[in-house]
Structures are given as structure tokens and as C-alpha cells.
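For reference, the structure is listed below as C-alpha cells.
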Protein chains: 2
Amino acid sequence: MYTDTAETLESAVDAGRNHTLRAAGIAAPALRATIDTLGSRIRPIVGYHFGWLDLAGQPTDQGSGKMIRAALTVLAAEACGGDVQRAVCGAVAVELVHNFSLLHDDVMDGDLERRGRPTVWATLGVPAAILAGDVLLARGCAILEGDSEHRTWATELLTETIATLAEGQMADVAFEHRTTISLEEALAVSEAKTAALLSCACELGAGLSGGGAEARERLAKFGWHLGMAFQLVDDVLGIWGDPAATGKPAGSDLRNRKKSIPVAAAMNGTGAAAEELAAIYRGAEPLTDDMADRAAKLIESAGGRAWTEAEIDRHRRGAAAQLEALGLTEEQRRPLLALADYVAFRNH
Amino acid sequence: MYTDTAETLESAVDAGRNHTLRAAGIAAPALRATIDTLGSRIRPIVGYHFGWLDLAGQPTDQGSGKMIRAALTVLAAEACGGDVQRAVCGAVAVELVHNFSLLHDDVMDGDLERRGRPTVWATLGVPAAILAGDVLLARGCAILEGDSEHRTWATELLTETIATLAEGQMADVAFEHRTTISLEEALAVSEAKTAALLSCACELGAGLSGGGAEARERLAKFGWHLGMAFQLVDDVLGIWGDPAATGKPAGSDLRNRKKSIPVAAAMNGTGAAAEELAAIYRGAEPLTDDMADRAAKLIESAGGRAWTEAEIDRHRRGAAAQLEALGLTEEQRRPLLALADYVAFRNH
């Protein structure tokens, strides 16, 4: 597709970012309009969460994150040559569902920061985060439009996806109390917590805009591969990411002994590095800087990084193959492929 | 309607309970079927919450509460002479939404017991309660059926009601940090947290079963009055209820300085009793038995009990008047009126 030089990669990532911004922009007004209808106690909480309002309820000049899921719905509709406007409700729905899950997950995980600001529960309290998430979830499930057949199909797909998100988060929480998990378990959590919603976003775009069964199925698989790549890149950046680019301390995932996929891939291998890594993960105290450095090196020695990076490439190619199999022209494929490159090669 | 003797009251309450049981029984299989489709990690949590499963996941011989909201939807459909089967999805939806709100409210309020057993968050953890609530909420919003027009109307009504529940809970949480609230504020919380969903349950029953605009509006108002009566009775029982009947310690609402409606009605009055009550509520420590006894007497002296009991009667009559204005026959009205008596005169 392109030669693997830093310059070509950078321009691929730029193209993907631009397509994401443009596509998200098509859904953004409908998202804002939905949130503007919320009640007087919940609306300011949601506005703060999205970054549109500060704690005093005053508008900020900040955006609302990348809205990559909404962008995927719009781009999938465009790729299938369908009626993009009919897919906008799907784009809004997946973005509402994604943000509901962020609000609730932050409570459960005790995360203090998101998008460079204190999380809602940490600054406005647990009830604010739970209730704002509830309202976004309800809106997301109710906002899908279309004729009776499309609406039933889309609502069922979204509800199933929400159930999958919940199963994945419940598994993730359960695994926190264990010192080790299998690679299969780690992959299953990523499938449920990340790939399912990206897959749903693409499938909604294809189906709501008028695409048939094959388009829906291919785009769903495209989104699934993209979601897996997205999570695997997150996991790599969580260990080896440049703090200047990610905005997180180096090795941030290791300090709390997060059992991400590179860790599971390394720990489930054999050899001295795998054993030393497992021993570090059996400890109870948070890792020191030195221990985190050592763990990162052990994951590399045990092959966890190489395995994960090969998987990212496999999923990027697997995503592309779905679009080709669907018989889309190069022009139809280009925006989604650029987004896949953006996801696979981003540094934050 | 009947002479106010203990015996007649008891038989009215019995009749209402029987109608509730019968109507809830019509919706119960669909509710169980919905919950049976949930995923393997969330289903046992929901089963425990409803009382169908113990903590080991084994079936119990317990029921699932009164299901008064589901019963209202079915009874409203019956009263309007509509197709009851078409309203069953609405009955399931309101019951799912009610139970989602219980799961989440218990987390926010720190409540340890529900239906005589430890709450989900207290025994299975906060993530279990949040995620199980999320899944019930999503299912509730997606389960409404009917032709496009009915489905859009019903989904919008339910989503608005969920938003109202969230606004009410947010207000309730905010008021906890205050030493006093106005009677209007206390009533607004009850409208949002209780009356809105009972009103929604009745309106869904009328509308989904084929009732027209007037039937929907009258049944919505019937449910609203019933909901207000329901909450006011709860508040009276929380202060003066017989512990043997309610299963809660005497004056349980007073120990934690709950600003329920009888308290707000008394505190917002004038005179020595109102002032002494306000002084007690300005304290910080939980109330002792003696202080709770004293507070209960002060609420009576300041007129809080009499005002609340008059309101219960007013709402019971207001509910009945809606059915009469709709022109229902006595036979059509009887089950809903019995349920109103059950709500107004129950002792637990």
C-alpha cells in the first residue's frame, strides 16, 4: 500500500486523522443537539465530561475527543455508497454509548484523569458519573431511527453490544484480583471492551445507510479487526509509549500491574524472562520506576512486544481484506484504510 | 366507595394485592425470558438482585418483589379495553428500568439491604451493581415493540422518564448535604423519583394496548397521583410504621435525618415544634432512639403527619377521578381502584 518509511507513515496517519475529523464533524451537530435536550442537573455533568464546559458550567474552547466511533459509522456509510444522513443517528448512538461506558468504567476502575482533566466521579462525585452515564445510555438506545426493520435490527445490535461491553468490563474487574491471566482471556477482554463497539459502529453505518447483509457483515468484521488493532496499539503505548506524546508517565500500565495483552503474551510463554515477569506480577505493592523498566524489558525478551506488533499488522491487513472482499473501489476504500493506518501507527 | 372500617380497609387492600399479583403474573414470564438472554457474568447478578438466585447461583423459592409497576401497565391496558398482550413489553420495560434504578441508587445511597438481603454492591461489589443496572437499562429501552408510531412514542416516553429519574436522584443526593429543604423541593424529588415511573407505567399500558390520546393522558395522571400516594405512604411508614410489618426499625428514616415529605412539611411550618425539629436536623451525628422518638412527635405536633395523610387521601381521590373522567365503567375501574387502595392503605 505504501513503503514503510517514517515520512510515508506520517502522511498516512495524517490522512486518517483528517478523515476522522471530517466524518466526526458530520455527526457532531446531532450529538450536541441530543445533549442540549438533557435536564438541567445532568446536562452540565455531560458537558464537563465531553470537555465542552468547565466546572463552573462555562463553555471551553476544547473539543470532545476524537469521536473515532462516530467517524467510523459515517465512513462506513460513505464507503458503502449509502445515504449517510440515515446513518448519523447510529454515529450519535455509538458515541453516546462509548461515553456512558467511560463515565461508568472510570468509577469502577478508580481512574482519576481523562482527556487531561479530572474524571467526573473524581471531581463531581460518584452519583454524577453514574447518573450522567445512565442518561447517555438511555438516549443512545432510544435514538436509532429508520423503518421498522432497520430500527429493530440496529437497536438489537446496539443492545447486544452494550451487554458485551458489560460482560467484558465484569471480566476485566474479576481479572484484577488475579496475578496472571491467559492470553486468550486478555484477548477476550479486548474483543468485548473495544472491538465489539468499533465493529458495531461500522455495521450500523453500513446497515442504516442502506447496505445489504454482505456489506453489514464485511464492515462489522472490518470494525472488529480495527478495534483489536486499536486496543493492541493502546497496550503497546501503555508500556513503551513516549510520555511526551501519550501524556502518560512511561510504563504507566506496568506500575499498576495491568494485565494487558503484551504482558499476557509474555507471561504465558516459557523461559527465564517469562518466569521473572510472572514473579514481579505476583507482588502486591505498585511497581517502582526500576521495576517497571525491568518489566518492560522482560516483556520484550519474552516476545510479548513482537507478538503484539505482529498482531497489530495482522489486524490492519485483516481489516483491509474485508473491504477488498466486498468489492469496494480503491476510492471507496481509501478513507477507511487511512483510518486503519491512523489507528495502527498512531503514537498516542 | 366504602365505609372506613378496619375490616373493609383490609379487604380493599387484599383485593388490590390480588389484582397486582394477577397482573404482574401476566408480565412475569416475559421478564424472566428477557433476563434469561443476558450474558453469563451479568445474568447471575441480576438473578440475585431479583431474588431468584442465591449468591452461589442456585435457584431460591423467593419471588421478585411486588412488580407493582408491571402490574400497573397490565391493569391500565385492561381498564382501557385494549390488547393486553401488546402492553406486556411495556410492563417488562418499566420493571427493568425500576430495577436498574434500584441497583444504581443503592450504590449512590450506600444502602446495605434490599428485600431482606444484602444489596448487590454490598455483597458482589460496586462494578457488579453498576454493570447489571446498565444492562437492565439498555434492555428496557430496547424492548418496546409495536408499529413505528407506537414504538417511537413509547420509547420517547420511557427515555424521558429515565432522564427524570436521574434528575430526581441527582437532586436527592444534592439535598443530602443540606440541613433543610423546602416542601416544594421534597415534593419535586418524589415526583421525579417515584411518580414519573408509575405514571409512565400506566401511560404505556394505555397507549401500547391501543388507547387514544385521552386514555393515555388520563391514565398518566392516574399513575402520577398513585405514585405520589405511594411515596407519601412510604414516608409515613418510614417514621411511624410498625417495625413488625415494615421489617425496618421504628423511625428508620429519622435516624439518618432523611428529609422526607412529612419532615419538610413540619420544618417549613412555624412554631416551637418546627423550630425544635429544625434544630435536631442541624446536628451532625445519627439520631439516638430518644431523639428519633422526639423528632417523630415534633413532626406530628407541627402538623407534618396530618398534612401528609391528607395528601395521601387527596391523591387517592385524584387518581380515582381520572378514571371516572375517562368514562370507564365501574367494572373497568375496579382493579385499578383496588390497587390505589392497596397503595394508600398498606402497612408495609
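Simple scheme: letters A, B, ... for chains in C-alpha cells order, numbers from 1 for residues in each chain, numbers from 1 for ligands in the order shown.
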Near chain B, 8 Å: chain A residue rows, closest pairs, only C-alpha atoms, as a Markdown table:
| residue | atom | partner | partner_atom | distance |
| --- | --- | --- | --- | --- |
| A:Leu38 | CA | B:Ala163 | CA | 7.3 |
| A:Gly39 | CA | B:Glu167 | CA | 6.7 |
| A:Ser40 | CA | B:Glu167 | CA | 7.7 |
| A:Arg41 | CA | B:Glu167 | CA | 5.9 |
| A:Ile42 | CA | B:Glu167 | CA | 6.5 |
| A:His104 | CA | B:Ile130 | CA | 7.4 |
| A:Met108 | CA | B:Pro127 | CA | 5.6 |
| A:Val126 | CA | B:Met108 | CA | 7.0 |
| A:Pro127 | CA | B:Met108 | CA | 5.6 |
| A:Ala128 | CA | B:Met170 | CA | 7.0 |
| A:Ile130 | CA | B:His104 | CA | 7.5 |
| A:Leu131 | CA | B:Ala166 | CA | 5.7 |
| A:Ala132 | CA | B:Ala166 | CA | 7.8 |
| A:Asp134 | CA | B:Asp134 | CA | 7.1 |
| A:Val135 | CA | B:Ala163 | CA | 5.8 |
| A:Leu137 | CA | B:Ala138 | CA | 6.9 |
| A:Ala138 | CA | B:Thr159 | CA | 6.0 |
| A:Arg139 | CA | B:Thr159 | CA | 6.5 |
| A:Cys141 | CA | B:Cys141 | CA | 6.0 |
| A:Ala142 | CA | B:Thr155 | CA | 6.2 |
| A:Asp147 | CA | B:Ser148 | CA | 7.3 |
| A:Ser148 | CA | B:Ser148 | CA | 5.9 |
| A:Thr155 | CA | B:Ala142 | CA | 6.2 |
| A:Glu156 | CA | B:Ala142 | CA | 7.1 |
| A:Thr159 | CA | B:Ala138 | CA | 6.0 |
| A:Ile162 | CA | B:Val135 | CA | 6.9 |
| A:Ala163 | CA | B:Val135 | CA | 5.8 |
| A:Thr164 | CA | B:Gly39 | CA | 7.7 |
| A:Ala166 | CA | B:Leu131 | CA | 5.7 |
| A:Glu167 | CA | B:Arg41 | CA | 5.9 |
| A:Met170 | CA | B:Arg41 | CA | 6.9 |
| A:Ala171 | CA | B:Arg41 | CA | 7.6 |
| A:Val173 | CA | B:Pro127 | CA | 7.6 |
Okay, now the selection with N, CA, C and O atoms, as a CSV table (one decimal), in the first residue's frame?
chain,number,residue,atom,x,y,z
A,38,LEU,N,-30.9,17.4,27.4
A,38,LEU,CA,-30.9,16.8,28.7
A,38,LEU,C,-31.3,17.8,29.8
A,38,LEU,O,-31.3,19.0,29.6
A,39,GLY,N,-31.7,17.2,30.9
A,39,GLY,CA,-32.2,18.0,32.0
A,39,GLY,C,-31.1,18.9,32.7
A,39,GLY,O,-29.9,18.7,32.5
A,40,SER,N,-31.6,19.8,33.5
A,40,SER,CA,-30.7,20.9,34.0
A,40,SER,C,-29.6,20.4,35.0
A,40,SER,O,-28.6,21.1,35.2
A,41,ARG,N,-29.8,19.2,35.6
A,41,ARG,CA,-28.8,18.7,36.5
A,41,ARG,C,-27.8,17.8,35.8
A,41,ARG,O,-26.6,17.8,36.3
A,42,ILE,N,-28.2,17.1,34.8
A,42,ILE,CA,-27.4,16.1,34.2
A,42,ILE,C,-26.6,16.8,33.0
A,42,ILE,O,-25.4,16.5,32.8
A,104,HIS,N,-18.9,5.3,33.5
A,104,HIS,CA,-19.0,4.2,34.5
A,104,HIS,C,-17.7,3.5,34.8
A,104,HIS,O,-17.4,3.2,35.9
A,108,MET,N,-15.6,2.5,38.3
A,108,MET,CA,-15.2,1.1,38.7
A,108,MET,C,-13.7,1.0,38.8
A,108,MET,O,-13.2,0.3,39.7
A,126,VAL,N,-19.4,10.4,42.7
A,126,VAL,CA,-19.8,9.1,42.0
A,126,VAL,C,-21.3,9.2,41.5
A,126,VAL,O,-21.6,8.7,40.4
A,127,PRO,N,-22.2,9.8,42.2
A,127,PRO,CA,-23.6,9.9,41.7
A,127,PRO,C,-23.7,10.6,40.4
A,127,PRO,O,-24.3,10.2,39.4
A,128,ALA,N,-22.9,11.7,40.2
A,128,ALA,CA,-22.9,12.5,39.0
A,128,ALA,C,-22.4,11.6,37.8
A,128,ALA,O,-23.0,11.6,36.7
A,130,ILE,N,-22.4,8.2,37.6
A,130,ILE,CA,-23.3,7.1,37.4
A,130,ILE,C,-24.6,7.6,36.6
A,130,ILE,O,-25.0,7.0,35.6
A,131,LEU,N,-25.1,8.7,37.1
A,131,LEU,CA,-26.4,9.2,36.6
A,131,LEU,C,-26.2,9.8,35.2
A,131,LEU,O,-27.0,9.6,34.3
A,132,ALA,N,-25.1,10.5,35.0
A,132,ALA,CA,-24.8,11.0,33.6
A,132,ALA,C,-24.6,9.9,32.6
A,132,ALA,O,-25.2,9.9,31.5
A,134,ASP,N,-25.9,6.9,32.9
A,134,ASP,CA,-27.3,6.3,32.7
A,134,ASP,C,-28.1,7.0,31.6
A,134,ASP,O,-28.7,6.4,30.8
A,135,VAL,N,-28.1,8.3,31.7
A,135,VAL,CA,-28.9,9.1,30.8
A,135,VAL,C,-28.3,9.0,29.4
A,135,VAL,O,-29.1,8.9,28.4
A,137,LEU,N,-26.7,6.4,28.2
A,137,LEU,CA,-27.0,5.1,27.8
A,137,LEU,C,-28.5,5.0,27.3
A,137,LEU,O,-28.7,4.5,26.2
A,138,ALA,N,-29.4,5.6,28.0
A,138,ALA,CA,-30.8,5.5,27.7
A,138,ALA,C,-31.0,6.3,26.3
A,138,ALA,O,-31.7,5.8,25.4
A,139,ARG,N,-30.4,7.4,26.2
A,139,ARG,CA,-30.5,8.2,25.0
A,139,ARG,C,-30.0,7.4,23.8
A,139,ARG,O,-30.5,7.4,22.7
A,141,CYS,N,-29.7,4.2,23.3
A,141,CYS,CA,-30.5,3.1,22.9
A,141,CYS,C,-31.8,3.6,22.2
A,141,CYS,O,-32.4,2.8,21.5
A,142,ALA,N,-32.3,4.8,22.5
A,142,ALA,CA,-33.6,5.2,22.0
A,142,ALA,C,-33.4,6.1,20.8
A,142,ALA,O,-34.4,6.4,20.1
A,147,ASP,N,-36.8,2.7,9.2
A,147,ASP,CA,-38.1,2.0,9.1
A,147,ASP,C,-38.0,0.9,10.2
A,147,ASP,O,-37.0,0.6,10.8
A,148,SER,N,-39.2,0.2,10.4
A,148,SER,CA,-39.3,-0.7,11.5
A,148,SER,C,-38.2,-1.8,11.5
A,148,SER,O,-37.6,-2.1,12.5
A,155,THR,N,-31.2,-1.5,16.8
A,155,THR,CA,-31.4,-1.4,18.3
A,155,THR,C,-30.9,-2.7,18.9
A,155,THR,O,-30.3,-2.7,20.0
A,156,GLU,N,-31.3,-3.9,18.3
A,156,GLU,CA,-30.8,-5.2,18.8
A,156,GLU,C,-29.3,-5.3,18.8
A,156,GLU,O,-28.7,-5.7,19.8
A,159,THR,N,-27.9,-3.0,21.6
A,159,THR,CA,-28.1,-3.6,22.9
A,159,THR,C,-27.2,-4.8,23.2
A,159,THR,O,-26.7,-4.9,24.3
A,162,ILE,N,-23.9,-3.4,24.0
A,162,ILE,CA,-23.8,-2.9,25.4
A,162,ILE,C,-23.6,-4.1,26.4
A,162,ILE,O,-22.9,-4.0,27.3
A,163,ALA,N,-24.4,-5.2,26.1
A,163,ALA,CA,-24.3,-6.4,27.0
A,163,ALA,C,-22.9,-6.9,26.9
A,163,ALA,O,-22.3,-7.3,28.0
A,164,THR,N,-22.3,-6.9,25.7
A,164,THR,CA,-20.9,-7.4,25.6
A,164,THR,C,-19.9,-6.5,26.3
A,164,THR,O,-19.0,-7.0,27.0
A,166,ALA,N,-20.5,-4.8,29.0
A,166,ALA,CA,-20.6,-5.1,30.4
A,166,ALA,C,-20.0,-6.4,30.8
A,166,ALA,O,-19.3,-6.5,31.8
A,167,GLU,N,-20.2,-7.4,29.9
A,167,GLU,CA,-19.5,-8.7,30.2
A,167,GLU,C,-18.0,-8.5,30.3
A,167,GLU,O,-17.3,-9.1,31.1
A,170,MET,N,-16.9,-6.6,33.4
A,170,MET,CA,-17.0,-7.5,34.5
A,170,MET,C,-15.8,-8.5,34.6
A,170,MET,O,-15.3,-8.8,35.7
A,171,ALA,N,-15.5,-9.0,33.4
A,171,ALA,CA,-14.3,-10.0,33.4
A,171,ALA,C,-13.0,-9.2,33.7
A,171,ALA,O,-12.2,-9.7,34.5
A,173,VAL,N,-12.6,-6.6,35.6
A,173,VAL,CA,-12.6,-6.3,37.0
A,173,VAL,C,-12.3,-7.6,37.8
A,173,VAL,O,-11.5,-7.6,38.8
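Within 7 Å of range 78-87 of chain B there are Thr73, Val74, Leu75, Gly90, Ala91, Gly205, Ala206, Leu208, Ser209, Gly210, Gly211, Gln332 and Arg333 of chain B, counting only C-alpha atoms and ignoring same-chain residues fewer than 3 positions away.
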- Query: Between B:Ala272, B:Leu157, B:Val263, B:Ile35, which has the minimum distance to Ala306 in chain B (counting only C-alpha atoms)?
  - Reply: B:Val263
- Query: Which one of B:Arg282, B:Leu102, B:Leu204, B:Leu124 sits closest to Tyr48 in chain B if you count only C-alpha atoms?
  - Reply: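 Distance minimum relative to Tyr48 in chain B lands on B:Leu124.
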- Message: For a test of reading the model, state the distance in Å between CA of Asn268 in chain B and CA of Lys248 in chain B, rounded to one decimal.
- Response: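 Computing it gives 26.8 Å between the two atoms.
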- Any chance you could list, as a list in words, the residues in range 71-297 of chain B that come up strand (DSSP E) when DSSP is run on the backbone?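 Matching residues for strand (DSSP E) in range 71-297 of chain B are Glu113, Arg114, Arg117 and Pro118 of chain B.
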Excluding Glu176 in chain B and residues on its chain fewer than 6 positions from it, collect all residues at most 10 Å away from it, counting only C-alpha atoms, and give them as a short mmCIF file (atom, residue, chain, number, x, y, z; two decimals) with N, CA, C and O atoms, in the first residue's frame.
data_model
loop_
_atom_site.label_atom_id
_atom_site.label_comp_id
_atom_site.auth_asym_id
_atom_site.auth_seq_id
_atom_site.Cartn_x
_atom_site.Cartn_y
_atom_site.Cartn_z
N ASP B 109 -26.55 5.66 47.38
CA ASP B 109 -27.06 5.94 48.71
C ASP B 109 -26.34 5.12 49.78
O ASP B 109 -26.56 5.34 50.97
N ASN B 256 -31.26 8.75 60.14
CA ASN B 256 -30.28 9.34 59.22
C ASN B 256 -30.69 10.72 58.74
O ASN B 256 -30.18 11.20 57.73
N ARG B 257 -31.64 11.33 59.48
CA ARG B 257 -32.10 12.69 59.13
C ARG B 257 -32.58 12.78 57.69
O ARG B 257 -32.29 13.74 56.98
N LYS B 258 -33.29 11.75 57.22
CA LYS B 258 -33.85 11.81 55.87
C LYS B 258 -34.87 12.93 55.81
O LYS B 258 -35.74 13.04 56.66
N LYS B 259 -34.73 13.77 54.76
CA LYS B 259 -35.65 14.91 54.64
C LYS B 259 -36.86 14.50 53.78
O LYS B 259 -37.06 14.97 52.67
#
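You will find CA of Ala278 in chain B at 22.3 Å from CA of Gln231 in chain B.
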- Task: Please run DSSP on the backbone and report, as a ChimeraX atom specification, all residues within range 45-82 of chain A that come out as alpha helix (DSSP H).
- Result: /A:45-50,68-79
Can you write out the residues you just picked, keeping N, CA and C atoms, as a short mmCIF file (atom, residue, chain, number, x, y, z; two decimals), in the first residue's frame?
data_model
loop_
_atom_site.label_atom_id
_atom_site.label_comp_id
_atom_site.auth_asym_id
_atom_site.auth_seq_id
_atom_site.Cartn_x
_atom_site.Cartn_y
_atom_site.Cartn_z
N ILE A 45 -23.05 18.09 33.72
CA ILE A 45 -22.11 16.99 34.01
C ILE A 45 -21.62 16.40 32.69
N VAL A 46 -22.56 16.17 31.78
CA VAL A 46 -22.21 15.61 30.47
C VAL A 46 -21.32 16.58 29.70
N GLY A 47 -21.66 17.87 29.75
CA GLY A 47 -20.85 18.89 29.08
C GLY A 47 -19.43 18.91 29.61
N TYR A 48 -19.28 18.78 30.91
CA TYR A 48 -17.93 18.72 31.50
C TYR A 48 -17.20 17.47 31.03
N HIS A 49 -17.90 16.34 31.04
CA HIS A 49 -17.27 15.09 30.62
C HIS A 49 -16.75 15.18 29.19
N PHE A 50 -17.56 15.74 28.28
CA PHE A 50 -17.14 15.86 26.88
C PHE A 50 -16.05 16.92 26.70
N ILE A 68 -13.86 8.79 17.33
CA ILE A 68 -13.47 7.84 16.29
C ILE A 68 -14.61 6.88 15.97
N ARG A 69 -15.46 6.58 16.96
CA ARG A 69 -16.56 5.64 16.70
C ARG A 69 -17.63 6.27 15.81
N ALA A 70 -17.97 7.53 16.11
CA ALA A 70 -18.92 8.23 15.25
C ALA A 70 -18.36 8.35 13.84
N ALA A 71 -17.06 8.66 13.74
CA ALA A 71 -16.43 8.79 12.43
C ALA A 71 -16.52 7.48 11.65
N LEU A 72 -16.32 6.37 12.35
CA LEU A 72 -16.37 5.06 11.69
C LEU A 72 -17.75 4.79 11.09
N THR A 73 -18.80 5.15 11.83
CA THR A 73 -20.16 4.93 11.33
C THR A 73 -20.37 5.72 10.04
N VAL A 74 -19.96 6.98 10.07
CA VAL A 74 -20.13 7.84 8.89
C VAL A 74 -19.28 7.32 7.72
N LEU A 75 -18.03 6.96 7.98
CA LEU A 75 -17.14 6.49 6.91
C LEU A 75 -17.62 5.16 6.34
N ALA A 76 -18.17 4.30 7.19
CA ALA A 76 -18.70 3.02 6.70
C ALA A 76 -19.88 3.27 5.77
N ALA A 77 -20.75 4.22 6.17
CA ALA A 77 -21.90 4.56 5.31
C ALA A 77 -21.41 5.11 3.97
N GLU A 78 -20.41 5.99 4.01
CA GLU A 78 -19.86 6.56 2.76
C GLU A 78 -19.25 5.46 1.89
N ALA A 79 -18.49 4.56 2.51
CA ALA A 79 -17.81 3.51 1.74
C ALA A 79 -18.81 2.63 1.02
#
- Across A:Pro262, A:Gly207, A:Gly65, A:Gly51, the smallest distance to Val120 in chain A, with only C-alpha atoms counted, is shown by A:Gly51
- How far is it from CA of Val343 in chain A to CA of Gly318 in chain A, in Å with one decimal?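 Interatomic distance here is 13.7 Å.
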